[in-house]
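Colleague: One file is attached below, work_20.cif, containing mmCIF, C-alpha atoms and all ligand atoms.
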data_start
#
loop_
_atom_site.label_atom_id
_atom_site.label_comp_id
_atom_site.auth_asym_id
_atom_site.auth_seq_id
_atom_site.Cartn_x
_atom_site.Cartn_y
_atom_site.Cartn_z
CA MET A 16 -67.08 -104.02 1.04
CA LYS A 17 -70.29 -105.64 2.00
CA GLU A 18 -69.49 -105.01 5.63
CA ARG A 19 -69.65 -101.30 5.20
CA MET A 20 -71.81 -100.92 8.26
CA GLY A 21 -69.32 -102.86 10.32
CA LYS A 22 -70.36 -104.40 13.58
CA ASN A 23 -73.42 -102.33 13.96
CA THR A 24 -75.61 -105.34 13.81
CA MET A 25 -78.14 -104.70 16.50
CA LYS A 26 -78.77 -101.10 15.72
CA LYS A 27 -79.22 -101.84 12.10
CA ARG A 28 -81.45 -104.77 12.78
CA THR A 29 -83.80 -102.63 14.79
CA MET A 30 -83.88 -100.08 12.04
CA SER A 31 -84.46 -102.38 9.19
CA ALA A 32 -86.96 -104.58 10.91
CA ALA A 33 -88.95 -101.63 12.05
CA MET A 34 -88.87 -99.66 8.87
CA THR A 35 -89.08 -102.19 6.14
CA MET A 36 -91.96 -104.07 7.52
CA ILE A 37 -94.26 -101.23 8.35
CA ALA A 38 -96.06 -101.39 5.08
CA ALA A 39 -96.24 -105.12 4.99
CA SER A 40 -97.36 -105.66 8.53
CA ALA A 41 -99.95 -102.95 8.28
CA MET A 42 -101.49 -104.72 5.36
CA THR A 43 -101.05 -108.33 6.22
CA ALA A 44 -102.43 -107.86 9.71
CA GLY A 45 -105.93 -107.90 8.40
CA LEU A 46 -105.47 -111.06 6.48
CA VAL A 47 -104.86 -113.41 9.34
CA ALA A 48 -108.52 -114.19 9.51
CA CYS A 49 -108.54 -115.60 6.03
CA GLY A 50 -107.80 -119.08 7.22
CA ASP A 51 -105.00 -119.88 4.87
CA ASP A 52 -103.13 -123.06 5.48
CA SER A 53 -100.41 -121.07 7.14
CA ALA A 54 -99.95 -123.61 9.86
CA SER A 55 -96.64 -124.94 8.74
CA ASN A 56 -96.24 -128.61 8.43
CA GLU A 57 -92.59 -129.03 9.13
CA SER A 58 -91.41 -132.10 7.42
CA VAL A 59 -88.10 -131.87 9.16
CA PRO A 60 -87.99 -132.03 12.96
CA PRO A 61 -86.36 -129.06 14.68
CA ALA A 62 -82.64 -129.34 15.11
CA SER A 63 -81.38 -128.71 18.58
CA SER A 64 -78.09 -128.67 20.36
CA GLU A 65 -77.30 -129.65 23.91
CA VAL A 66 -76.91 -126.05 24.90
CA GLY A 67 -80.44 -125.23 23.91
CA VAL A 68 -80.43 -123.73 20.44
CA GLU A 69 -83.48 -124.77 18.49
CA ILE A 70 -83.90 -124.28 14.77
CA ALA A 71 -87.21 -124.75 13.02
CA GLY A 72 -88.85 -124.25 9.65
CA ALA A 73 -85.60 -124.32 7.71
CA TRP A 74 -86.14 -123.91 3.98
CA ALA A 75 -84.35 -122.61 0.92
CA ARG A 76 -85.93 -121.16 -2.18
CA THR A 77 -85.94 -122.98 -5.48
CA SER A 78 -83.47 -121.18 -7.68
CA PRO A 79 -84.84 -119.59 -10.84
CA MET A 80 -83.12 -120.44 -14.09
CA GLU A 81 -79.84 -118.63 -14.77
CA VAL A 82 -79.32 -117.93 -11.08
CA THR A 83 -76.35 -119.10 -9.02
CA LEU A 84 -77.32 -117.44 -5.75
CA GLY A 85 -79.63 -118.99 -3.22
CA ALA A 86 -81.12 -118.05 0.13
CA ALA A 87 -82.08 -120.15 3.13
CA TYR A 88 -84.35 -119.18 6.01
CA MET A 89 -85.32 -120.53 9.43
CA THR A 90 -86.14 -119.52 12.96
CA VAL A 91 -83.63 -119.77 15.78
CA THR A 92 -84.45 -119.92 19.47
CA SER A 93 -82.02 -120.20 22.33
CA ALA A 94 -82.50 -120.76 26.04
CA VAL A 95 -79.50 -118.59 26.78
CA ASP A 96 -78.02 -115.55 25.08
CA ASP A 97 -76.19 -116.77 22.04
CA GLU A 98 -74.92 -115.54 18.72
CA LEU A 99 -74.91 -117.02 15.25
CA THR A 100 -71.40 -116.32 14.05
CA ASP A 101 -70.85 -118.47 11.00
CA VAL A 102 -72.59 -120.66 8.47
CA SER A 103 -71.27 -123.25 6.08
CA VAL A 104 -72.55 -125.62 3.48
CA ASP A 105 -71.10 -128.56 1.59
CA PRO A 106 -69.38 -127.59 -1.67
CA SER A 107 -71.69 -129.98 -3.50
CA ILE A 108 -74.43 -127.42 -2.77
CA ALA A 109 -72.66 -124.05 -2.97
CA ALA A 110 -69.15 -122.71 -2.87
CA THR A 111 -69.80 -120.36 0.05
CA ALA A 112 -72.45 -119.49 2.58
CA GLU A 113 -72.72 -116.14 4.34
CA ILE A 114 -75.03 -114.44 6.80
CA HIS A 115 -76.83 -111.60 5.05
CA GLU A 116 -79.36 -108.97 5.90
CA MET A 117 -81.60 -106.66 3.91
CA VAL A 118 -81.51 -103.05 5.07
CA MET A 119 -82.99 -99.80 3.90
CA ALA A 120 -80.50 -97.63 2.07
CA GLU A 121 -80.23 -93.89 2.55
CA MET A 122 -82.75 -93.60 5.31
CA SER A 123 -81.67 -90.30 6.76
CA SER A 124 -78.53 -88.40 7.51
CA ASP A 125 -77.99 -90.40 10.70
CA THR A 126 -78.11 -93.71 9.07
CA THR A 127 -76.94 -92.95 5.58
CA VAL A 128 -73.98 -95.03 4.72
CA SER A 129 -71.02 -92.79 4.22
CA MET A 130 -69.01 -93.90 1.30
CA SER A 131 -65.68 -94.56 2.84
CA SER A 132 -62.53 -95.26 0.96
CA GLU A 133 -63.35 -98.93 0.88
CA THR A 134 -66.13 -98.40 -1.58
CA THR A 135 -65.64 -96.88 -4.95
CA VAL A 136 -68.55 -95.08 -6.42
CA SER A 137 -68.29 -94.44 -10.08
CA MET A 138 -70.66 -91.77 -11.15
CA SER A 139 -70.60 -90.07 -14.44
CA SER A 140 -71.92 -86.57 -14.58
CA GLU A 141 -74.74 -87.56 -16.86
CA THR A 142 -76.12 -89.99 -14.33
CA THR A 143 -76.82 -87.55 -11.56
CA VAL A 144 -80.54 -87.12 -11.63
CA SER A 145 -82.26 -84.03 -10.56
CA MET A 146 -85.73 -85.04 -9.60
CA SER A 147 -88.30 -82.87 -11.19
CA SER A 148 -90.48 -80.98 -8.79
CA ASP A 149 -93.54 -83.07 -9.34
CA THR A 150 -91.83 -86.26 -8.30
CA THR A 151 -90.39 -84.83 -5.11
CA GLU A 152 -93.84 -84.09 -3.84
CA MET A 153 -94.72 -87.71 -3.94
CA SER A 154 -92.54 -90.35 -2.52
CA GLY A 155 -91.68 -93.84 -3.54
CA PRO A 156 -90.46 -96.59 -1.29
CA GLY A 157 -86.88 -96.47 -0.15
CA GLU A 158 -84.22 -98.66 -1.61
CA MET A 159 -83.19 -101.87 0.03
CA VAL A 160 -79.73 -103.36 -0.18
CA MET A 161 -78.26 -106.63 0.92
CA GLN A 162 -75.22 -106.78 3.11
CA GLU A 163 -73.19 -109.36 4.91
CA VAL A 164 -73.30 -109.27 8.70
CA ASP A 165 -70.73 -110.68 11.09
CA SER A 166 -73.25 -112.30 13.36
CA ILE A 167 -76.84 -112.38 14.52
CA ALA A 168 -77.58 -111.99 18.21
CA ILE A 169 -79.94 -114.62 19.60
CA PRO A 170 -81.26 -113.21 22.89
CA ALA A 171 -82.28 -115.79 25.48
CA GLY A 172 -85.84 -116.95 25.06
CA GLU A 173 -86.48 -114.99 21.89
CA THR A 174 -87.17 -116.47 18.48
CA VAL A 175 -85.09 -114.80 15.82
CA GLU A 176 -86.44 -115.16 12.32
CA LEU A 177 -84.39 -115.44 9.20
CA LYS A 178 -86.95 -114.57 6.56
CA PRO A 179 -87.31 -112.72 3.25
CA GLY A 180 -86.69 -109.01 3.70
CA GLY A 181 -84.68 -109.59 6.88
CA TYR A 182 -81.86 -112.03 7.49
CA HIS A 183 -80.99 -114.87 5.18
CA ILE A 184 -78.24 -117.36 4.71
CA MET A 185 -76.88 -116.60 1.30
CA LEU A 186 -75.68 -119.50 -0.79
CA ILE A 187 -73.11 -118.30 -3.29
CA ASP A 188 -72.13 -120.12 -6.49
CA LEU A 189 -74.68 -122.87 -6.34
CA ALA A 190 -73.25 -126.10 -7.69
CA ALA A 191 -76.62 -126.93 -9.23
CA PRO A 192 -80.07 -125.37 -9.23
CA LEU A 193 -82.00 -125.91 -6.01
CA GLU A 194 -84.92 -128.15 -6.91
CA ILE A 195 -88.22 -128.34 -5.11
CA GLY A 196 -88.27 -131.07 -2.46
CA GLN A 197 -84.49 -131.33 -2.33
CA GLU A 198 -82.90 -131.43 1.12
CA PHE A 199 -79.43 -130.44 2.22
CA ASP A 200 -77.57 -129.54 5.40
CA ILE A 201 -76.32 -126.21 6.63
CA VAL A 202 -73.95 -126.02 9.59
CA LEU A 203 -74.64 -123.07 11.86
CA THR A 204 -71.92 -122.03 14.26
CA PHE A 205 -73.01 -120.40 17.51
CA ALA A 206 -70.79 -118.66 20.04
CA ASN A 207 -72.22 -120.76 22.87
CA ALA A 208 -73.91 -123.72 21.31
CA GLY A 209 -71.17 -124.50 18.85
CA ASP A 210 -71.97 -126.20 15.56
CA VAL A 211 -75.56 -127.14 14.85
CA THR A 212 -76.47 -128.94 11.64
CA VAL A 213 -79.87 -128.20 10.21
CA THR A 214 -81.57 -129.89 7.28
CA VAL A 215 -83.02 -127.42 4.81
CA VAL A 216 -85.91 -128.27 2.51
CA VAL A 217 -86.12 -126.57 -0.88
CA ALA A 218 -89.50 -125.00 -1.62
CA ASP A 219 -91.06 -122.32 -3.82
CA GLU A 220 -92.29 -120.34 -0.86
CA ALA A 221 -92.04 -120.30 2.91
CA PRO A 222 -93.59 -123.45 4.39
CA MET B 20 -69.87 -98.82 -18.03
CA ARG B 21 -73.01 -97.36 -16.69
CA HIS B 22 -72.44 -98.22 -13.06
CA GLY B 23 -72.91 -95.46 -10.61
CA THR B 24 -75.23 -94.26 -7.97
CA ARG B 25 -78.08 -92.90 -9.90
CA THR B 26 -80.29 -91.73 -7.15
CA ALA B 27 -80.68 -88.22 -5.95
CA GLY B 28 -80.10 -88.45 -2.23
CA SER B 29 -82.50 -85.70 -1.38
CA THR B 30 -85.49 -87.69 -2.42
CA LYS B 31 -84.69 -90.41 0.07
CA ALA B 32 -85.37 -88.30 3.10
CA LEU B 33 -88.91 -89.53 3.34
CA THR B 34 -89.13 -92.87 4.95
CA ILE B 35 -91.66 -95.51 4.18
CA ALA B 36 -93.39 -94.60 7.39
CA SER B 37 -93.92 -90.99 6.51
CA MET B 38 -94.77 -91.93 2.98
CA LEU B 39 -97.59 -94.12 4.11
CA VAL B 40 -98.90 -91.57 6.50
CA THR B 41 -98.66 -88.49 4.38
CA THR B 42 -99.02 -89.33 0.76
CA LEU B 43 -100.86 -92.56 0.47
CA SER B 44 -104.14 -93.86 1.54
CA MET B 45 -104.36 -97.46 2.42
CA PRO B 46 -107.87 -98.78 2.62
CA SER B 47 -108.54 -100.90 5.63
CA LEU B 48 -109.05 -104.48 4.78
CA THR B 49 -112.36 -106.13 4.89
CA THR B 50 -112.19 -108.68 7.62
CA GLY B 51 -114.52 -111.21 6.15
CA CYS B 52 -113.01 -113.04 3.23
CA GLY B 53 -115.18 -113.18 0.16
CA GLY B 54 -118.14 -111.74 2.02
CA ASP B 55 -120.97 -109.69 0.61
CA GLU B 56 -119.50 -106.31 1.36
CA PRO B 57 -117.73 -104.52 -1.46
CA ARG B 58 -114.14 -105.56 -1.39
CA SER B 59 -111.36 -103.04 -1.29
CA LEU B 60 -107.81 -103.34 -2.47
CA GLY B 61 -105.27 -104.45 0.10
CA GLY B 62 -102.24 -102.85 -1.50
CA ILE B 63 -101.44 -99.17 -1.68
CA VAL B 64 -103.75 -96.97 -3.70
CA ARG B 65 -102.73 -93.40 -4.38
CA ASP B 66 -105.22 -90.56 -4.41
CA GLU B 67 -103.66 -89.56 -7.67
CA PRO B 68 -102.70 -92.72 -9.48
CA LEU B 69 -99.34 -92.89 -11.22
CA SER B 70 -99.63 -92.79 -14.98
CA VAL B 71 -96.98 -94.90 -16.65
CA GLY B 72 -98.38 -95.62 -20.08
CA SER B 73 -95.89 -93.38 -21.82
CA VAL B 74 -92.93 -95.26 -20.37
CA ALA B 75 -91.12 -97.29 -23.01
CA VAL B 76 -88.36 -99.76 -22.25
CA THR B 77 -86.30 -101.95 -24.55
CA ASP B 78 -87.97 -105.33 -24.86
CA VAL B 79 -85.67 -108.34 -25.13
CA THR B 80 -88.26 -111.07 -24.63
CA ASP B 81 -87.37 -114.07 -26.77
CA THR B 82 -89.28 -116.91 -25.16
CA GLY B 83 -92.78 -117.45 -23.85
CA GLU B 84 -96.06 -115.92 -24.99
CA TYR B 85 -94.60 -112.52 -25.82
CA ALA B 86 -91.51 -113.54 -27.72
CA THR B 87 -92.83 -111.59 -30.68
CA HIS B 88 -92.64 -107.85 -30.19
CA ASP B 89 -91.38 -104.72 -31.83
CA GLY B 90 -88.40 -104.17 -29.57
CA VAL B 91 -89.93 -101.62 -27.24
CA PHE B 92 -92.47 -102.27 -24.54
CA GLU B 93 -94.85 -99.63 -23.26
CA MET B 94 -96.20 -99.94 -19.75
CA VAL B 95 -99.81 -100.67 -20.52
CA ALA B 96 -101.78 -103.87 -20.17
CA SER B 97 -103.54 -105.36 -23.17
CA THR B 98 -107.28 -104.83 -23.22
CA GLY B 99 -109.01 -106.99 -20.65
CA ARG B 100 -105.74 -107.87 -18.97
CA LEU B 101 -103.57 -106.64 -16.11
CA LEU B 102 -99.85 -106.04 -16.07
CA VAL B 103 -97.67 -106.53 -13.00
CA VAL B 104 -94.50 -104.45 -13.28
CA TYR B 105 -91.40 -105.10 -11.18
CA PHE B 106 -88.00 -103.44 -11.10
CA GLY B 107 -85.44 -106.00 -10.04
CA TYR B 108 -82.36 -107.96 -11.00
CA THR B 109 -81.52 -111.61 -11.19
CA ASN B 110 -78.59 -111.61 -8.78
CA CYS B 111 -81.11 -110.89 -6.08
CA PRO B 112 -81.58 -113.95 -3.92
CA ASP B 113 -84.04 -112.55 -1.42
CA LEU B 114 -86.49 -109.81 -2.37
CA CYS B 115 -86.98 -110.38 -6.10
CA PRO B 116 -87.71 -114.11 -6.07
CA THR B 117 -89.92 -113.69 -3.02
CA THR B 118 -92.15 -111.21 -4.77
CA LEU B 119 -92.08 -112.96 -8.14
CA ALA B 120 -92.90 -116.31 -6.53
CA TYR B 121 -95.88 -114.67 -4.84
CA VAL B 122 -97.04 -113.26 -8.16
CA ARG B 123 -96.73 -116.73 -9.63
CA ALA B 124 -98.70 -118.22 -6.75
CA ALA B 125 -101.37 -115.52 -6.96
CA LYS B 126 -101.82 -116.17 -10.69
CA ARG B 127 -102.13 -119.86 -9.92
CA ASP B 128 -104.73 -119.20 -7.22
CA LEU B 129 -106.83 -117.31 -9.76
CA GLY B 130 -107.14 -120.39 -11.94
CA ASP B 131 -107.84 -119.65 -15.58
CA ASP B 132 -108.13 -115.95 -14.83
CA GLY B 133 -104.51 -116.00 -13.74
CA ASP B 134 -103.69 -116.14 -17.43
CA LEU B 135 -105.07 -112.60 -17.71
CA VAL B 136 -102.19 -111.30 -15.63
CA ASP B 137 -98.91 -110.50 -17.38
CA LEU B 138 -95.55 -109.78 -15.80
CA ALA B 139 -93.03 -107.18 -16.91
CA MET B 140 -89.67 -106.99 -15.21
CA VAL B 141 -87.30 -104.12 -15.82
CA THR B 142 -83.80 -105.09 -14.83
CA VAL B 143 -82.03 -102.43 -12.77
CA ASP B 144 -78.76 -104.28 -13.50
CA PRO B 145 -78.82 -104.34 -17.30
CA ASP B 146 -75.10 -104.99 -17.65
CA ARG B 147 -75.28 -108.37 -15.99
CA ASP B 148 -78.87 -109.19 -16.87
CA THR B 149 -78.42 -110.05 -20.50
CA PRO B 150 -81.40 -111.11 -22.61
CA GLU B 151 -80.48 -114.75 -22.11
CA VAL B 152 -80.33 -114.41 -18.33
CA LEU B 153 -83.50 -112.34 -18.11
CA ASN B 154 -85.54 -114.66 -20.30
CA GLY B 155 -84.43 -117.74 -18.42
CA TYR B 156 -85.06 -116.14 -15.08
CA LEU B 157 -88.53 -114.87 -15.87
CA SER B 158 -89.64 -118.08 -17.50
CA SER B 159 -89.20 -119.69 -14.09
CA PHE B 160 -92.14 -117.61 -12.92
CA THR B 161 -94.52 -117.41 -15.87
CA ASP B 162 -94.54 -117.72 -19.63
CA ARG B 163 -96.48 -114.47 -19.91
CA PHE B 164 -93.61 -112.11 -19.29
CA HIS B 165 -91.94 -109.12 -20.84
CA ALA B 166 -88.18 -109.09 -20.27
CA LEU B 167 -87.09 -105.47 -20.28
CA GLN B 168 -83.45 -104.47 -20.44
CA PRO B 169 -83.01 -100.70 -20.53
CA ALA B 170 -80.59 -99.65 -23.25
CA ASP B 171 -78.98 -96.98 -21.11
CA VAL B 172 -79.15 -95.17 -17.81
CA GLU B 173 -81.58 -92.56 -19.10
CA GLU B 174 -84.03 -95.19 -20.21
CA LEU B 175 -83.90 -96.93 -16.85
CA GLU B 176 -84.24 -93.71 -14.92
CA SER B 177 -87.15 -92.35 -16.85
CA ALA B 178 -88.95 -95.63 -16.28
CA GLU B 179 -88.13 -95.58 -12.58
CA ASN B 180 -89.17 -91.98 -12.21
CA ALA B 181 -92.59 -92.65 -13.64
CA PHE B 182 -93.14 -95.36 -11.03
CA LEU B 183 -91.35 -93.43 -8.26
CA ALA B 184 -88.99 -96.37 -8.16
CA SER B 185 -85.24 -96.09 -7.76
CA SER B 186 -82.10 -98.16 -7.82
CA SER B 187 -78.38 -97.79 -7.44
CA ILE B 188 -75.31 -99.84 -8.10
CA VAL B 189 -72.13 -99.58 -6.10
CA ILE B 190 -68.97 -101.45 -7.00
CA GLY B 191 -66.59 -102.25 -4.20
CA ASP B 192 -62.82 -102.31 -4.42
CA ASP B 193 -63.00 -106.07 -4.51
CA GLY B 194 -65.25 -105.87 -7.54
CA ALA B 195 -68.33 -106.92 -5.62
CA ILE B 196 -71.44 -105.33 -7.05
CA GLU B 197 -74.00 -104.08 -4.61
CA VAL B 198 -77.41 -103.28 -5.99
CA GLY B 199 -79.97 -101.29 -4.13
CA HIS B 200 -83.53 -101.07 -5.34
CA SER B 201 -86.99 -100.17 -4.30
CA ALA B 202 -88.83 -103.46 -4.26
CA THR B 203 -92.41 -102.56 -5.01
CA ALA B 204 -94.58 -104.34 -7.56
CA TYR B 205 -97.15 -102.35 -9.53
CA VAL B 206 -100.40 -103.42 -11.16
CA VAL B 207 -101.07 -101.46 -14.35
CA ASP B 208 -104.23 -101.41 -16.45
CA SER B 209 -104.81 -100.95 -20.16
CA SER B 210 -104.80 -97.17 -19.84
CA GLY B 211 -101.36 -97.17 -18.27
CA GLU B 212 -102.60 -96.28 -14.82
CA VAL B 213 -101.11 -97.89 -11.71
CA LEU B 214 -104.11 -99.38 -9.92
CA VAL B 215 -102.35 -100.68 -6.86
CA GLU B 216 -98.82 -100.93 -5.48
CA TRP B 217 -97.49 -103.83 -3.48
CA PRO B 218 -94.51 -102.92 -1.32
CA PHE B 219 -92.18 -105.73 -0.40
CA GLY B 220 -93.79 -108.02 2.15
CA VAL B 221 -97.22 -108.16 0.58
CA ASP B 222 -98.00 -111.84 0.37
CA LYS B 223 -99.55 -114.01 -2.29
CA ASP B 224 -103.02 -114.07 -0.73
CA LEU B 225 -103.27 -110.32 -0.76
CA MET B 226 -101.95 -110.20 -4.30
CA ALA B 227 -104.48 -112.78 -5.45
CA GLU B 228 -107.31 -110.91 -3.75
CA ASP B 229 -106.29 -107.60 -5.32
CA LEU B 230 -105.96 -109.18 -8.75
CA ARG B 231 -109.38 -110.80 -8.36
CA ILE B 232 -110.96 -107.43 -7.57
CA LEU B 233 -109.16 -105.67 -10.40
CA LEU B 234 -109.97 -108.37 -12.94
CA ASP B 235 -113.62 -108.14 -11.97
CA ARG B 236 -113.53 -104.39 -12.55
CA THR B 237 -111.72 -104.88 -15.84
CA SER B 238 -114.26 -107.36 -17.17
CA LYS B 239 -117.14 -105.06 -16.22
CA GLN B 240 -115.57 -102.23 -18.15
CA SER B 241 -115.03 -104.16 -21.33
CU CU C 1 -77.67 -112.25 0.37
#
Could you show the structure in this file as structure tokens?
Ligand SMILES: [Cu+2]
Modeller:
Amino acid sequence: MKERMGKNTMKKRTMSAAMTMIAASAMTAGLVACGDDSASNESVPPASSEVGVEIAGAWARTSPMEVTLGAAYMTVTSAVDDELTDVSVDPSIAATAEIHEMVMAEMSSDTTVSMSSETTVSMSSETTVSMSSDTTEMSGPGEMVMQEVDSIAIPAGETVELKPGGYHIMLIDLAAPLEIGQEFDIVLTFANAGDVTVTVVVADEAP
Amino acid sequence: MRHGTRTAGSTKALTIASMLVTTLSMPSLTTGCGGDEPRSLGGIVRDEPLSVGSVAVTDVTDTGEYATHDGVFEMVASTGRLLVVYFGYTNCPDLCPTTLAYVRAAKRDLGDDGDLVDLAMVTVDPDRDTPEVLNGYLSSFTDRFHALQPADVEELESAENAFLASSSIVIGDDGAIEVGHSATAYVVDSSGEVLVEWPFGVDKDLMAEDLRILLDRTSKQS
């Protein structure tokens, strides 16, 4: 059900990356000059495979209380065209790991997800909202939803970011809360490079 | 069960891009940090600010500074304080904790003045986000929070409408619950006016700077 957009990975990626970040990039652009300590001090050296995949800046967020879902992020660079096809984590960390992506929901008629038979939408008549005229004049932000993707393309020479609002590695059914400073391994499976193990550091925010 | 898509599709035609261009003004940022020039807000400021003070949501806060309440929370800041409002849910591993962690960091960066900033989160997934879950979750970010669990769909929607926020829940055949939500955070003053909106992606430095500016204005008024 999460794969309702099927294999449409690249098209959707372009969409979501372009649309969701407009607001943010427009605003954060001006802040670069503020000299924050944004130069990341990676405590873990980049993982690399023989075939040239490099992974850097891998981190996972501390999990808030009552939460059994986690997310891990990193950047991936490959010398040749490659594809991240699978992720896994030791059961002592989480029961499952999946590749996920945030996308805008209901963008336009082209891109609106059509509810196929695989998804059931329960909607009671009382919940259909008719927006009053004064709210339709103004607009709020669109909705974002999370979905599983089959793979992430890693074009040769490009750095693909897994970061909040874009791709993440979702950790499902955490065995224990992720504590700040904790480290654990995630195995990334690439079509070309094969399995690459990366050590993830748990932090409150991106390093 | 209250699950269902609760959003009117027609209102989603406008994209963020057109929204920013047509209905919002975003002041350009001052390039110097902490310079002499008057500072302007980095988030989104509407020509006609949203007024949300009449919005009331069921308050289930039972820990932290605001554990004592009368069961309903109205979207206004206390005098001399600011209120950050967020619509989210706890089974949200990416957007929600990113934004809430930035709010936490921004409050920390403000030092003692960070204590003048309160957080209210309205869960858009009130079936799963029980009072226990919500209180635990929010206390990971601050002890000055209001945990708001709408009693029914109407209560959630009227709150969302006032903020021009929206959400939807879709249940798959396999029982998986997919939640969609607009992921903006709002800063509200003691008159119930939204002073600035932070769409997802706004970082902690910008939040801290905006809060600094707004707290300065607030202290001059009082
Ligand atoms: Cu996810």
Colleague: Between A:Val164, A:Ala86, A:Ala208, A:Ile114, which has the minimum distance to chain B (counting only C-alpha atoms)?
Modeller: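 Ranked by minimum distance to chain B, first place goes to A:Ala86.
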Colleague: Nearest residue to ligand CU 1 (chain C) out of A:Pro179, A:Pro192, A:Pro106, A:Gly157, using only C-alpha atoms and all ligand atoms?
Modeller: A:Pro179
Colleague: Could you please determine the separation between CA of Pro218 (chain B) and CA of Tyr105 (chain B) in Å, to one decimal place?
Modeller: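 So the answer is 10.6 Å.
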Colleague: Using all atoms listed in the file for the distances, tell me which of A:Gly72, A:Pro222, A:Pro170, A:Gly181 is nearest to chain B.
Modeller: A:Gly181
Colleague: Taking all atoms listed in the file into account, produce a table as JSON lines in which each residue of chain A with an atom at most 8 Å from an atom of ligand CU 1 (chain C) appears once, together with its shortest atom pair and the distance in Å to one decimal, ordered by chain and rising number.
Modeller:
{"residue": "A:Gly85", "atom": "CA", "partner": "C:CU1", "partner_atom": "CU", "distance": 7.9}
{"residue": "A:Ala86", "atom": "CA", "partner": "C:CU1", "partner_atom": "CU", "distance": 6.8}
{"residue": "A:Glu113", "atom": "CA", "partner": "C:CU1", "partner_atom": "CU", "distance": 7.4}
{"residue": "A:Ile114", "atom": "CA", "partner": "C:CU1", "partner_atom": "CU", "distance": 7.3}
{"residue": "A:His115", "atom": "CA", "partner": "C:CU1", "partner_atom": "CU", "distance": 4.8}
{"residue": "A:Glu116", "atom": "CA", "partner": "C:CU1", "partner_atom": "CU", "distance": 6.6}
{"residue": "A:Met117", "atom": "CA", "partner": "C:CU1", "partner_atom": "CU", "distance": 7.7}
{"residue": "A:Met161", "atom": "CA", "partner": "C:CU1", "partner_atom": "CU", "distance": 5.7}
{"residue": "A:Gln162", "atom": "CA", "partner": "C:CU1", "partner_atom": "CU", "distance": 6.6}
{"residue": "A:Glu163", "atom": "CA", "partner": "C:CU1", "partner_atom": "CU", "distance": 7.0}
{"residue": "A:His183", "atom": "CA", "partner": "C:CU1", "partner_atom": "CU", "distance": 6.4}
{"residue": "A:Ile184", "atom": "CA", "partner": "C:CU1", "partner_atom": "CU", "distance": 6.7}
{"residue": "A:Met185", "atom": "CA", "partner": "C:CU1", "partner_atom": "CU", "distance": 4.5}
{"residue": "A:Leu186", "atom": "CA", "partner": "C:CU1", "partner_atom": "CU", "distance": 7.6}
Colleague: With only C-alpha atoms as the basis for distance, which of B:Tyr121, B:Cys115, B:Asp192, B:Gly61 is at the shortest distance from Asp222 (chain B)?
Modeller: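 Closest residue, counting only C-alpha atoms: B:Tyr121.
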Colleague: Report the distance between CA of Ser73 (chain B) and CA of Ser159 (chain B) in Å, rounded to one decimal place.
Modeller: 28.2 Å
Colleague: If you measure from CA of Arg58 (chain B) to CA of Asp131 (chain B), what distance in Å do you get, rounded to one decimal?
Modeller: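 We find that CA of Arg58 (chain B) and CA of Asp131 (chain B) lie 21.0 Å from each other.
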Colleague: From the options A:Gln197, A:Gly180, A:Ser93, A:Tyr88, which residue's atoms come nearest to chain B, counting only C-alpha atoms?
Modeller: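 Using only C-alpha atoms, the shortest distance to chain B belongs to A:Gly180.
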Colleague: Out of B:Val79, B:Val198, B:Val104, B:Val207, which residue has the shortest atom-to-atom distance to Thr237 (chain B) when counting all atoms listed in the file?
Modeller: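 Among the listed residues, B:Val207 lies closest to Thr237 (chain B).
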Colleague: Residues within 8 Å of Leu101 (chain B), please, as number ranges by chain. Count all atoms listed in the file; anything in the same chain fewer than 6 positions from it doesn't count.
Modeller: B: 135-137, 206-209, 234
